[in-house]
$ cat target_5.pdb   # PDB, C-alpha atoms
ATOM      1  CA  MET W  18     -48.630 -39.442 -62.781
ATOM      2  CA  GLU W  19     -46.017 -38.538 -60.182
ATOM      3  CA  TYR W  20     -43.240 -36.492 -61.736
ATOM      4  CA  ASN W  21     -40.280 -38.789 -61.212
ATOM      5  CA  ILE W  22     -38.700 -39.452 -64.592
ATOM      6  CA  LYS W  23     -36.572 -42.587 -64.586
ATOM      7  CA  CYS W  24     -37.377 -43.944 -68.025
ATOM      8  CA  ILE W  25     -38.618 -42.273 -71.206
ATOM      9  CA  GLY W  26     -39.935 -43.587 -74.489
ATOM     10  CA  VAL W  27     -39.110 -42.092 -77.871
ATOM     11  CA  LEU W  28     -40.935 -42.624 -81.163
ATOM     12  CA  THR W  29     -41.052 -41.216 -84.677
ATOM     13  CA  SER W  30     -44.419 -40.902 -86.372
ATOM     14  CA  GLY W  31     -45.941 -39.790 -89.661
ATOM     15  CA  GLY W  32     -43.796 -38.912 -92.649
ATOM     16  CA  ASP W  33     -40.075 -39.448 -92.101
ATOM     17  CA  SER W  34     -37.641 -36.558 -92.388
ATOM     18  CA  PRO W  35     -33.844 -36.389 -92.578
ATOM     19  CA  ALA W  36     -32.070 -36.009 -89.197
ATOM     20  CA  MET W  37     -34.718 -37.858 -87.208
ATOM     21  CA  ASN W  38     -31.868 -40.259 -86.419
ATOM     22  CA  ALA W  39     -29.722 -37.389 -85.175
ATOM     23  CA  ALA W  40     -32.555 -36.437 -82.802
ATOM     24  CA  ILE W  41     -32.938 -40.018 -81.555
ATOM     25  CA  ARG W  42     -29.187 -40.197 -80.964
ATOM     26  CA  ALA W  43     -29.214 -36.966 -78.959
ATOM     27  CA  ILE W  44     -32.204 -38.047 -76.863
ATOM     28  CA  VAL W  45     -30.636 -41.394 -75.987
ATOM     29  CA  ARG W  46     -27.245 -39.952 -75.062
ATOM     30  CA  ALA W  47     -28.652 -36.947 -73.189
ATOM     31  CA  GLY W  48     -31.005 -39.246 -71.298
ATOM     32  CA  ILE W  49     -28.256 -41.657 -70.291
ATOM     33  CA  SER W  50     -26.024 -38.718 -69.308
ATOM     34  CA  ASN W  51     -28.736 -37.663 -66.856
ATOM     35  CA  GLY W  52     -29.315 -41.131 -65.436
ATOM     36  CA  ILE W  53     -32.499 -41.730 -67.420
ATOM     37  CA  ARG W  54     -33.186 -44.961 -69.302
ATOM     38  CA  VAL W  55     -34.435 -44.537 -72.864
ATOM     39  CA  LYS W  56     -36.657 -47.013 -74.671
ATOM     40  CA  GLY W  57     -37.290 -46.921 -78.409
ATOM     41  CA  ILE W  58     -40.848 -47.442 -79.587
ATOM     42  CA  TYR W  59     -40.796 -48.884 -83.100
ATOM     43  CA  ARG W  60     -43.187 -47.932 -85.928
ATOM     44  CA  GLY W  61     -44.646 -44.925 -84.136
ATOM     45  CA  TYR W  62     -47.974 -45.161 -82.350
ATOM     46  CA  THR W  63     -48.558 -48.538 -84.002
ATOM     47  CA  GLY W  64     -45.583 -49.918 -82.103
ATOM     48  CA  LEU W  65     -46.875 -48.402 -78.879
ATOM     49  CA  ILE W  66     -50.182 -50.212 -79.341
ATOM     50  CA  GLU W  67     -48.513 -53.456 -80.427
ATOM     51  CA  ASN W  68     -45.839 -53.242 -77.693
ATOM     52  CA  GLU W  69     -42.795 -52.978 -79.969
ATOM     53  CA  ILE W  70     -40.608 -51.409 -77.296
ATOM     54  CA  ARG W  71     -36.897 -51.965 -76.639
ATOM     55  CA  GLU W  72     -34.342 -50.238 -74.454
ATOM     56  CA  LEU W  73     -31.702 -48.249 -76.344
ATOM     57  CA  THR W  74     -28.052 -47.918 -75.392
ATOM     58  CA  THR W  75     -25.458 -45.435 -76.572
ATOM     59  CA  GLN W  76     -24.107 -48.169 -78.856
ATOM     60  CA  ASP W  77     -27.529 -48.546 -80.504
ATOM     61  CA  VAL W  78     -27.350 -44.956 -81.748
ATOM     62  CA  SER W  79     -23.697 -45.025 -82.760
ATOM     63  CA  GLY W  80     -23.061 -44.210 -86.423
ATOM     64  CA  ILE W  81     -26.596 -43.038 -87.249
ATOM     65  CA  ILE W  82     -26.211 -39.246 -87.298
ATOM     66  CA  GLN W  83     -25.457 -39.277 -91.037
ATOM     67  CA  ARG W  84     -28.316 -41.597 -91.973
ATOM     68  CA  GLY W  85     -31.623 -40.419 -93.403
ATOM     69  CA  GLY W  86     -34.955 -41.905 -92.394
ATOM     70  CA  THR W  87     -35.453 -43.243 -88.876
ATOM     71  CA  ILE W  88     -34.003 -46.340 -87.211
ATOM     72  CA  LEU W  89     -37.210 -46.550 -85.144
ATOM     73  CA  LYS W  90     -39.315 -46.779 -88.336
ATOM     74  CA  SER W  91     -42.502 -44.799 -88.766
ATOM     75  CA  SER W  92     -46.127 -45.338 -89.659
ATOM     76  CA  ARG W  93     -49.518 -43.717 -89.628
ATOM     77  CA  CYS W  94     -51.832 -45.281 -87.065
ATOM     78  CA  PRO W  95     -55.615 -44.964 -87.367
ATOM     79  CA  ALA W  96     -56.016 -47.178 -84.268
ATOM     80  CA  PHE W  97     -54.379 -44.479 -82.119
ATOM     81  CA  GLN W  98     -57.244 -42.163 -83.043
ATOM     82  CA  THR W  99     -59.618 -44.389 -81.052
ATOM     83  CA  PRO W 100     -59.999 -44.417 -77.237
ATOM     84  CA  GLU W 101     -59.450 -48.193 -77.252
ATOM     85  CA  GLY W 102     -56.201 -47.864 -79.154
ATOM     86  CA  ARG W 103     -54.876 -45.137 -76.869
ATOM     87  CA  LYS W 104     -55.823 -47.191 -73.783
ATOM     88  CA  GLN W 105     -53.857 -50.168 -75.106
ATOM     89  CA  ALA W 106     -50.929 -47.852 -75.816
ATOM     90  CA  TYR W 107     -51.058 -46.494 -72.271
ATOM     91  CA  ASP W 108     -51.190 -49.981 -70.757
ATOM     92  CA  ASN W 109     -48.061 -50.925 -72.713
ATOM     93  CA  LEU W 110     -46.371 -47.703 -71.622
ATOM     94  CA  VAL W 111     -47.029 -48.517 -67.971
ATOM     95  CA  ALA W 112     -45.910 -52.133 -68.391
ATOM     96  CA  ALA W 113     -42.636 -50.896 -69.927
ATOM     97  CA  GLU W 114     -42.162 -48.586 -66.911
ATOM     98  CA  ILE W 115     -41.987 -45.541 -69.183
ATOM     99  CA  ASP W 116     -42.645 -42.307 -67.286
ATOM    100  CA  ALA W 117     -42.662 -39.817 -70.170
ATOM    101  CA  LEU W 118     -42.828 -39.746 -73.940
ATOM    102  CA  ILE W 119     -40.836 -37.843 -76.573
ATOM    103  CA  VAL W 120     -42.469 -37.842 -80.005
ATOM    104  CA  ILE W 121     -40.751 -36.728 -83.208
ATOM    105  CA  GLY W 122     -43.065 -35.780 -86.044
ATOM    106  CA  GLY W 123     -45.412 -33.182 -87.424
ATOM    107  CA  ASP W 124     -48.912 -31.844 -86.936
ATOM    108  CA  GLY W 125     -50.691 -35.213 -86.867
ATOM    109  CA  THR W 126     -48.130 -36.694 -84.485
ATOM    110  CA  PHE W 127     -48.518 -33.779 -82.085
ATOM    111  CA  THR W 128     -52.320 -33.889 -82.250
ATOM    112  CA  GLY W 129     -52.294 -37.533 -81.166
ATOM    113  CA  ALA W 130     -49.682 -36.859 -78.488
ATOM    114  CA  ARG W 131     -51.688 -33.995 -76.999
ATOM    115  CA  VAL W 132     -54.865 -36.087 -76.725
ATOM    116  CA  PHE W 133     -52.884 -38.967 -75.195
ATOM    117  CA  ALA W 134     -51.264 -36.642 -72.645
ATOM    118  CA  GLN W 135     -54.626 -35.186 -71.641
ATOM    119  CA  GLU W 136     -56.334 -38.556 -71.272
ATOM    120  CA  PHE W 137     -53.639 -40.292 -69.233
ATOM    121  CA  ASN W 138     -51.664 -37.444 -67.638
ATOM    122  CA  VAL W 139     -48.456 -38.526 -69.360
ATOM    123  CA  PRO W 140     -45.662 -35.944 -69.738
ATOM    124  CA  VAL W 141     -45.126 -35.520 -73.493
ATOM    125  CA  ILE W 142     -42.477 -33.507 -75.325
ATOM    126  CA  GLY W 143     -42.645 -32.995 -79.099
ATOM    127  CA  LEU W 144     -39.774 -32.495 -81.519
ATOM    128  CA  PRO W 145     -40.767 -30.940 -84.866
ATOM    129  CA  GLY W 146     -39.700 -33.565 -87.401
ATOM    130  CA  THR W 147     -41.195 -32.662 -90.771
ATOM    131  CA  ILE W 148     -39.839 -31.476 -94.099
ATOM    132  CA  ASP W 149     -42.817 -29.112 -94.446
ATOM    133  CA  ASN W 150     -41.591 -26.533 -91.891
ATOM    134  CA  ASP W 151     -45.248 -25.748 -91.159
ATOM    135  CA  LEU W 152     -45.280 -25.891 -87.353
ATOM    136  CA  TRP W 153     -45.812 -22.599 -85.568
ATOM    137  CA  GLY W 154     -43.260 -21.564 -82.953
ATOM    138  CA  THR W 155     -40.046 -22.725 -84.601
ATOM    139  CA  ASP W 156     -37.987 -21.103 -87.337
ATOM    140  CA  SER W 157     -37.112 -24.484 -88.815
ATOM    141  CA  THR W 158     -38.160 -28.095 -88.436
ATOM    142  CA  ILE W 159     -35.951 -31.181 -88.453
ATOM    143  CA  GLY W 160     -35.398 -32.290 -92.058
ATOM    144  CA  TYR W 161     -36.535 -29.072 -93.736
ATOM    145  CA  ASP W 162     -33.071 -27.826 -94.689
ATOM    146  CA  THR W 163     -32.058 -31.172 -96.179
ATOM    147  CA  SER W 164     -35.247 -31.406 -98.216
ATOM    148  CA  LEU W 165     -34.820 -27.815 -99.403
ATOM    149  CA  ASN W 166     -31.318 -28.609-100.638
ATOM    150  CA  THR W 167     -32.537 -31.768-102.362
ATOM    151  CA  ILE W 168     -35.177 -29.820-104.273
ATOM    152  CA  MET W 169     -32.668 -27.145-105.220
ATOM    153  CA  GLU W 170     -30.243 -29.744-106.595
ATOM    154  CA  CYS W 171     -33.003 -31.429-108.609
ATOM    155  CA  VAL W 172     -34.156 -28.127-110.093
ATOM    156  CA  ASP W 173     -30.561 -27.229-110.995
ATOM    157  CA  LYS W 174     -30.369 -30.442-113.028
ATOM    158  CA  LEU W 175     -33.768 -29.911-114.640
ATOM    159  CA  ARG W 176     -32.759 -26.438-115.775
ATOM    160  CA  ASP W 177     -30.074 -27.963-117.994
ATOM    161  CA  THR W 178     -32.587 -29.941-120.025
ATOM    162  CA  ALA W 179     -35.218 -27.170-119.881
ATOM    163  CA  THR W 180     -32.747 -24.789-121.509
ATOM    164  CA  SER W 181     -31.516 -27.327-124.042
ATOM    165  CA  HIS W 182     -35.038 -28.092-125.290
ATOM    166  CA  GLU W 183     -36.637 -24.677-124.695
ATOM    167  CA  ARG W 184     -39.251 -26.118-122.364
ATOM    168  CA  VAL W 185     -41.388 -24.989-119.473
ATOM    169  CA  PHE W 186     -40.860 -27.349-116.548
ATOM    170  CA  LEU W 187     -43.441 -27.579-113.778
ATOM    171  CA  VAL W 188     -41.861 -29.159-110.711
ATOM    172  CA  GLU W 189     -44.246 -30.486-108.054
ATOM    173  CA  VAL W 190     -42.969 -30.097-104.498
ATOM    174  CA  MET W 191     -44.236 -31.529-101.196
ATOM    175  CA  GLY W 192     -45.290 -29.417 -98.223
ATOM    176  CA  ARG W 193     -48.725 -30.656 -97.127
ATOM    177  CA  ASP W 194     -50.769 -27.415 -96.923
ATOM    178  CA  ALA W 195     -47.850 -24.985 -96.700
ATOM    179  CA  GLY W 196     -45.646 -23.353 -99.306
ATOM    180  CA  PHE W 197     -42.372 -22.950 -97.381
ATOM    181  CA  LEU W 198     -40.480 -25.633 -99.301
ATOM    182  CA  THR W 199     -41.810 -24.472-102.653
ATOM    183  CA  LEU W 200     -41.174 -20.762-102.206
ATOM    184  CA  ASN W 201     -37.715 -21.036-100.665
ATOM    185  CA  ALA W 202     -36.582 -23.688-103.148
ATOM    186  CA  ALA W 203     -37.778 -21.458-105.978
ATOM    187  CA  ILE W 204     -35.711 -18.555-104.652
ATOM    188  CA  ALA W 205     -32.654 -20.771-104.107
ATOM    189  CA  ALA W 206     -32.859 -22.404-107.536
ATOM    190  CA  GLY W 207     -33.686 -19.237-109.469
ATOM    191  CA  ALA W 208     -37.082 -20.471-110.643
ATOM    192  CA  GLU W 209     -39.423 -18.152-112.512
ATOM    193  CA  ALA W 210     -42.330 -18.696-110.126
ATOM    194  CA  ALA W 211     -43.683 -20.570-107.138
ATOM    195  CA  ILE W 212     -47.328 -21.645-107.012
ATOM    196  CA  ILE W 213     -48.265 -21.962-103.323
ATOM    197  CA  PRO W 214     -51.546 -22.376-101.401
ATOM    198  CA  GLU W 215     -50.994 -19.176 -99.410
ATOM    199  CA  ARG W 216     -51.627 -17.180-102.597
ATOM    200  CA  SER W 217     -54.889 -17.382-104.523
ATOM    201  CA  ALA W 218     -55.522 -16.723-108.221
ATOM    202  CA  ILE W 219     -53.442 -19.651-109.476
ATOM    203  CA  ALA W 220     -54.150 -19.025-113.165
ATOM    204  CA  GLU W 221     -53.055 -15.416-112.841
ATOM    205  CA  GLN W 222     -49.868 -16.490-111.091
ATOM    206  CA  ILE W 223     -49.044 -18.844-113.943
ATOM    207  CA  GLU W 224     -49.724 -16.281-116.633
ATOM    208  CA  GLU W 225     -47.693 -13.609-114.887
ATOM    209  CA  ALA W 226     -44.735 -15.913-114.241
ATOM    210  CA  ILE W 227     -44.458 -17.187-117.791
ATOM    211  CA  GLY W 228     -45.085 -13.713-119.182
ATOM    212  CA  GLN W 229     -42.190 -12.344-117.167
ATOM    213  CA  GLY W 230     -39.899 -15.019-118.535
ATOM    214  CA  LYS W 231     -40.921 -14.324-122.123
ATOM    215  CA  ARG W 232     -40.519 -10.569-121.694
ATOM    216  CA  LYS W 233     -36.859 -11.014-120.871
ATOM    217  CA  THR W 234     -36.573 -13.305-123.907
ATOM    218  CA  LYS W 235     -36.076 -16.467-121.873
ATOM    219  CA  ASN W 236     -36.399 -19.572-123.984
ATOM    220  CA  SER W 237     -37.283 -21.763-120.981
ATOM    221  CA  SER W 238     -38.935 -21.459-117.596
ATOM    222  CA  ILE W 239     -39.125 -23.423-114.366
ATOM    223  CA  VAL W 240     -42.152 -23.108-112.116
ATOM    224  CA  LEU W 241     -42.356 -24.842-108.735
ATOM    225  CA  VAL W 242     -45.836 -26.013-107.745
ATOM    226  CA  GLN W 243     -46.806 -26.912-104.188
ATOM    227  CA  GLU W 244     -48.617 -30.262-104.341
ATOM    228  CA  HIS W 245     -51.865 -28.979-102.769
ATOM    229  CA  ALA W 246     -51.909 -25.446-104.170
ATOM    230  CA  ILE W 247     -54.495 -26.649-106.667
ATOM    231  CA  GLU W 248     -56.408 -29.904-107.006
ATOM    232  CA  GLY W 249     -54.370 -32.215-109.166
ATOM    233  CA  GLY W 250     -51.115 -30.388-108.452
ATOM    234  CA  ALA W 251     -48.624 -29.752-111.244
ATOM    235  CA  GLN W 252     -50.601 -31.856-113.735
ATOM    236  CA  THR W 253     -53.557 -29.473-113.422
ATOM    237  CA  VAL W 254     -51.279 -26.460-113.770
ATOM    238  CA  ALA W 255     -49.795 -28.016-116.910
ATOM    239  CA  LYS W 256     -53.276 -28.475-118.388
ATOM    240  CA  ILE W 257     -54.192 -24.842-117.678
ATOM    241  CA  LEU W 258     -50.934 -23.605-119.131
ATOM    242  CA  SER W 259     -51.062 -25.783-122.255
ATOM    243  CA  GLU W 260     -54.632 -24.736-123.027
ATOM    244  CA  ALA W 261     -53.810 -21.046-122.620
ATOM    245  CA  HIS W 262     -50.473 -21.290-124.453
ATOM    246  CA  PRO W 263     -50.376 -24.256-126.833
ATOM    247  CA  GLU W 264     -47.085 -22.901-128.192
ATOM    248  CA  TYR W 265     -45.322 -23.807-124.934
ATOM    249  CA  ASN W 266     -43.516 -27.122-124.630
ATOM    250  CA  VAL W 267     -44.625 -28.078-121.104
ATOM    251  CA  ARG W 268     -43.208 -30.903-118.996
ATOM    252  CA  VAL W 269     -44.100 -32.020-115.454
ATOM    253  CA  THR W 270     -41.670 -33.462-112.921
ATOM    254  CA  ILE W 271     -43.018 -34.769-109.615
ATOM    255  CA  LEU W 272     -40.158 -35.052-107.137
ATOM    256  CA  GLY W 273     -42.214 -37.116-104.694
ATOM    257  CA  HIS W 274     -40.425 -39.039-101.967
ATOM    258  CA  LEU W 275     -36.987 -38.048-103.222
ATOM    259  CA  GLN W 276     -37.556 -35.009-101.007
ATOM    260  CA  ARG W 277     -37.697 -37.114 -97.834
ATOM    261  CA  GLY W 278     -34.493 -39.074 -98.258
ATOM    262  CA  GLY W 279     -30.775 -38.548 -98.136
ATOM    263  CA  SER W 280     -28.066 -37.816 -95.613
ATOM    264  CA  PRO W 281     -29.053 -34.769 -93.522
ATOM    265  CA  THR W 282     -27.241 -31.478 -93.917
ATOM    266  CA  ALA W 283     -25.003 -30.106 -91.173
ATOM    267  CA  GLN W 284     -27.700 -27.593 -90.271
ATOM    268  CA  ASP W 285     -30.301 -30.333 -89.775
ATOM    269  CA  ARG W 286     -27.913 -32.519 -87.770
ATOM    270  CA  ILE W 287     -27.096 -29.631 -85.428
ATOM    271  CA  LEU W 288     -30.750 -28.599 -85.095
ATOM    272  CA  ALA W 289     -31.879 -32.150 -84.330
ATOM    273  CA  SER W 290     -29.064 -32.683 -81.831
ATOM    274  CA  ARG W 291     -29.807 -29.478 -79.950
ATOM    275  CA  MET W 292     -33.526 -30.205 -79.895
ATOM    276  CA  GLY W 293     -32.968 -33.777 -78.665
ATOM    277  CA  ILE W 294     -30.860 -32.577 -75.746
ATOM    278  CA  ALA W 295     -33.405 -29.832 -75.026
ATOM    279  CA  ALA W 296     -36.207 -32.417 -74.850
ATOM    280  CA  ILE W 297     -34.448 -34.202 -71.987
ATOM    281  CA  GLN W 298     -33.761 -30.876 -70.277
ATOM    282  CA  ALA W 299     -37.432 -29.941 -70.582
ATOM    283  CA  LEU W 300     -38.458 -33.145 -68.806
ATOM    284  CA  LEU W 301     -35.939 -32.451 -66.054
ATOM    285  CA  GLU W 302     -37.587 -29.032 -65.687
ATOM    286  CA  GLU W 303     -40.976 -30.768 -65.350
ATOM    287  CA  GLN W 304     -42.300 -29.424 -68.641
ATOM    288  CA  ARG W 305     -45.113 -31.260 -70.384
ATOM    289  CA  SER W 306     -47.248 -30.980 -73.534
ATOM    290  CA  ILE W 307     -44.753 -28.699 -75.242
ATOM    291  CA  MET W 308     -42.851 -28.683 -78.515
ATOM    292  CA  ILE W 309     -39.156 -27.872 -78.596
ATOM    293  CA  GLY W 310     -38.711 -24.977 -81.011
ATOM    294  CA  MET W 311     -35.835 -22.881 -82.311
ATOM    295  CA  GLN W 312     -36.226 -19.109 -82.596
ATOM    296  CA  ASN W 313     -33.327 -16.815 -83.484
ATOM    297  CA  ASP W 314     -30.938 -19.711 -82.742
ATOM    298  CA  GLU W 315     -32.346 -20.110 -79.215
ATOM    299  CA  ILE W 316     -34.243 -23.090 -77.827
ATOM    300  CA  VAL W 317     -37.843 -22.246 -76.885
ATOM    301  CA  TYR W 318     -40.718 -24.194 -75.349
ATOM    302  CA  VAL W 319     -43.951 -23.946 -77.357
ATOM    303  CA  PRO W 320     -47.266 -25.333 -76.059
ATOM    304  CA  LEU W 321     -48.413 -28.178 -78.292
ATOM    305  CA  SER W 322     -51.795 -26.478 -78.608
ATOM    306  CA  LYS W 323     -50.170 -23.434 -80.224
ATOM    307  CA  ALA W 324     -47.804 -25.438 -82.435
ATOM    308  CA  ILE W 325     -50.796 -27.346 -83.798
ATOM    309  CA  ASN W 326     -53.479 -24.684 -84.020
ATOM    310  CA  ILE W 327     -51.709 -21.463 -85.039
ATOM    311  CA  ARG W 328     -50.960 -21.175 -88.746
ATOM    312  CA  LYS W 329     -47.368 -20.339 -89.613
ATOM    313  CA  ASP W 330     -47.266 -17.520 -92.129
ATOM    314  CA  ILE W 331     -45.123 -17.090 -95.214
ATOM    315  CA  LYS W 332     -42.970 -13.978 -94.821
ATOM    316  CA  SER W 333     -44.154 -11.249 -97.191
ATOM    317  CA  ASP W 334     -40.596 -10.207 -98.017
ATOM    318  CA  LYS W 335     -39.851 -13.701 -99.354
ATOM    319  CA  TRP W 336     -42.839 -13.575-101.662
ATOM    320  CA  ALA W 337     -41.726 -10.125-102.809
ATOM    321  CA  ALA W 338     -38.205 -11.450-103.380
ATOM    322  CA  MET W 339     -39.606 -14.250-105.557
ATOM    323  CA  GLN W 340     -41.436 -11.738-107.727
ATOM    324  CA  ILE W 341     -38.475  -9.378-108.033
ATOM    325  CA  LEU W 342     -35.982 -12.104-108.874
ATOM    326  CA  SER W 343     -38.209 -13.665-111.535
ATOM    327  CA  ILE W 344     -38.289 -10.636-113.847
TER     328      ILE W 344
END

$ encode --input "target_5.pdb" --output "structure tokens"
Amino acid sequence: MEYNIKCIGVLTSGGDSPAMNAAIRAIVRAGISNGIRVKGIYRGYTGLIENEIRELTTQDVSGIIQRGGTILKSSRCPAFQTPEGRKQAYDNLVAAEIDALIVIGGDGTFTGARVFAQEFNVPVIGLPGTIDNDLWGTDSTIGYDTSLNTIMECVDKLRDTATSHERVFLVEVMGRDAGFLTLNAAIAAGAEAAIIPERSAIAEQIEEAIGQGKRKTKNSSIVLVQEHAIEGGAQTVAKILSEAHPEYNVRVTILGHLQRGGSPTAQDRILASRMGIAAIQALLEEQRSIMIGMQNDEIVYVPLSKAINIRKDIKSDKWAAMQILSI
């Protein structure tokens, strides 16, 4: 494909995250400011295959920065995992006169985008839109801060009833295969422990956490459990805990999709806006197959291959902080 960007397509794919709309808004307005037409592709890769494509104007993205979710809708698309599906998507892209693609999503979205870019030589830029904050190469992902605050607020409310009834509350938190949401929410909300997949010996973690609470004569405890830290999530942890300590009054709260919704925080709106503008700038600089990241408050370009394949590590000092603060 000759590198002459006159029109770009933008889509959101996979799980939605707060401030995706802020990113769409920034992409559309930055594109138009640079003389580039922007077309919205609805329902992610499904819409690309089914040709749900419409040009976006600055008016179309007016008044959306404060809205959660995504005006472009989202979906998971098994058909895009097939060569036939990707070929149909490419044919629709060409028919719509789209020269480059900006995708907003997480690991699965970027994996599909990278394959598509390799097969059809399409310039692709990724924006990290996921509450999990599990993509390597960026300090934060779009929607992570909002989700973190939502969890913190929920735990604050649960603590009231946990204390009143002298209960142990196990709160199940999203995060796919990463414990960033769980650990940081636990620190922010003053929880007694965080059960995350990055740390093994789940039973020992539970015993130690509850033991610490009892040693300081706490009459209640809150433990955050990452959904995939153990098979069955918080329900399994509750079973282990109840069998080992039948004297405990254990309750499970699964926050579920509450964590995805809500008006984005200022931090997420600013992050998404900066990343959206940077995506247009990257195309003007003839970048391709990269993710826009943020490191030390600076925009960086991260190869999609690295963003997808390198595991992002939990900082050891945060785990240490969790242990210190729970005594």

$ resolve_selection --input "target_5.pdb" --expression "the PyMOL selection byres ((chain W and resi 165) around 9)" --output "PyMOL selection string"
chain W and resi 148+160-164+166-170+198-199+201-202+205+276

$ write_last_selection --input "target_5.pdb" --atoms "C-alpha atoms" --output "tab-separated table (two decimals), keeping the file's coordinate frame"
chain	number	residue	atom	x	y	z
W	148	ILE	CA	-39.84	-31.48	-94.10
W	160	GLY	CA	-35.40	-32.29	-92.06
W	161	TYR	CA	-36.53	-29.07	-93.74
W	162	ASP	CA	-33.07	-27.83	-94.69
W	163	THR	CA	-32.06	-31.17	-96.18
W	164	SER	CA	-35.25	-31.41	-98.22
W	166	ASN	CA	-31.32	-28.61	-100.64
W	167	THR	CA	-32.54	-31.77	-102.36
W	168	ILE	CA	-35.18	-29.82	-104.27
W	169	MET	CA	-32.67	-27.14	-105.22
W	170	GLU	CA	-30.24	-29.74	-106.60
W	198	LEU	CA	-40.48	-25.63	-99.30
W	199	THR	CA	-41.81	-24.47	-102.65
W	201	ASN	CA	-37.72	-21.04	-100.66
W	202	ALA	CA	-36.58	-23.69	-103.15
W	205	ALA	CA	-32.65	-20.77	-104.11
W	276	GLN	CA	-37.56	-35.01	-101.01

$ closest_residue --input "target_5.pdb" --among "W:Arg268, W:Arg216, W:Arg93, W:Arg46" --to "Phe186 in chain W" --atoms "only C-alpha atoms"
W:Arg268

$ atom_distance --input "target_5.pdb" --atom1 "CA of Ser259 in chain W" --atom2 "CA of Arg193 in chain W"
25.7 Å

$ closest_residue --input "target_5.pdb" --among "W:Ile159, W:Leu241, W:Ala179, W:Val319" --to "Glu209 in chain W" --atoms "only C-alpha atoms"
W:Leu241

$ residues_around --input "target_5.pdb" --residues "Lys329 in chain W" --least-positions-apart "3" --cutoff "9 Å" --atoms "only C-alpha atoms" --output "PyMOL selection string"
chain W and resi 150-154+195+324

$ resolve_selection --input "target_5.pdb" --expression "the PyMOL selection byres ((chain W and resi 180-184) around 8)" --output "PyMOL selection string"
chain W and resi 176-179+185-186+236-238+265-268

$ atom_distance --input "target_5.pdb" --atom1 "CA of Gly102 in chain W" --atom2 "CA of Phe137 in chain W"
12.7 Å

$ closest_residue --input "target_5.pdb" --among "W:Phe133, W:Tyr107, W:Phe197, W:Tyr318" --to "Ile331 in chain W" --atoms "all atoms listed in the file"
W:Phe197

$ atom_distance --input "target_5.pdb" --atom1 "CA of Pro100 in chain W" --atom2 "CA of Asp194 in chain W"
27.6 Å

$ decode --input "target_5.pdb" --residues "range 175-217 of chain W" --atoms "C-alpha atoms" --output "short mmCIF file (atom, residue, chain, number, x, y, z; two decimals), in the first residue's frame"
data_model
loop_
_atom_site.label_atom_id
_atom_site.label_comp_id
_atom_site.auth_asym_id
_atom_site.auth_seq_id
_atom_site.Cartn_x
_atom_site.Cartn_y
_atom_site.Cartn_z
CA LEU W 175 -18.62 -3.05 51.43
CA ARG W 176 -16.37 -2.27 54.37
CA ASP W 177 -19.29 -0.60 56.15
CA THR W 178 -21.36 -3.77 56.16
CA ALA W 179 -18.32 -6.01 56.74
CA THR W 180 -17.55 -4.10 59.93
CA SER W 181 -21.16 -3.96 61.07
CA HIS W 182 -21.61 -7.74 60.78
CA GLU W 183 -18.04 -8.82 61.58
CA ARG W 184 -17.65 -10.58 58.24
CA VAL W 185 -14.89 -11.53 55.86
CA PHE W 186 -15.71 -10.19 52.41
CA LEU W 187 -14.08 -11.69 49.33
CA VAL W 188 -14.40 -9.26 46.43
CA GLU W 189 -13.81 -10.68 42.95
CA VAL W 190 -12.14 -8.25 40.55
CA MET W 191 -11.60 -8.41 36.78
CA GLY W 192 -8.19 -8.26 35.11
CA ARG W 193 -8.00 -11.19 32.67
CA ASP W 194 -4.66 -12.84 33.59
CA ALA W 195 -3.11 -9.87 35.40
CA GLY W 196 -3.37 -8.59 38.95
CA PHE W 197 -2.87 -4.83 38.43
CA LEU W 198 -6.48 -3.88 39.16
CA THR W 199 -6.71 -6.19 42.16
CA LEU W 200 -3.44 -5.21 43.82
CA ASN W 201 -3.74 -1.46 43.32
CA ALA W 202 -7.41 -1.40 44.34
CA ALA W 203 -6.51 -3.34 47.47
CA ILE W 204 -3.86 -0.77 48.38
CA ALA W 205 -6.20 2.14 47.63
CA ALA W 206 -9.12 0.68 49.58
CA GLY W 207 -7.08 -0.55 52.54
CA ALA W 208 -7.93 -4.21 51.99
CA GLU W 209 -6.26 -6.90 54.08
CA ALA W 210 -5.00 -8.85 51.07
CA ALA W 211 -4.96 -9.23 47.31
CA ILE W 212 -5.02 -12.67 45.71
CA ILE W 213 -3.41 -12.32 42.26
CA PRO W 214 -2.17 -14.77 39.60
CA GLU W 215 1.37 -13.38 39.71
CA ARG W 216 1.79 -14.93 43.17
CA SER W 217 1.46 -18.66 43.79
#
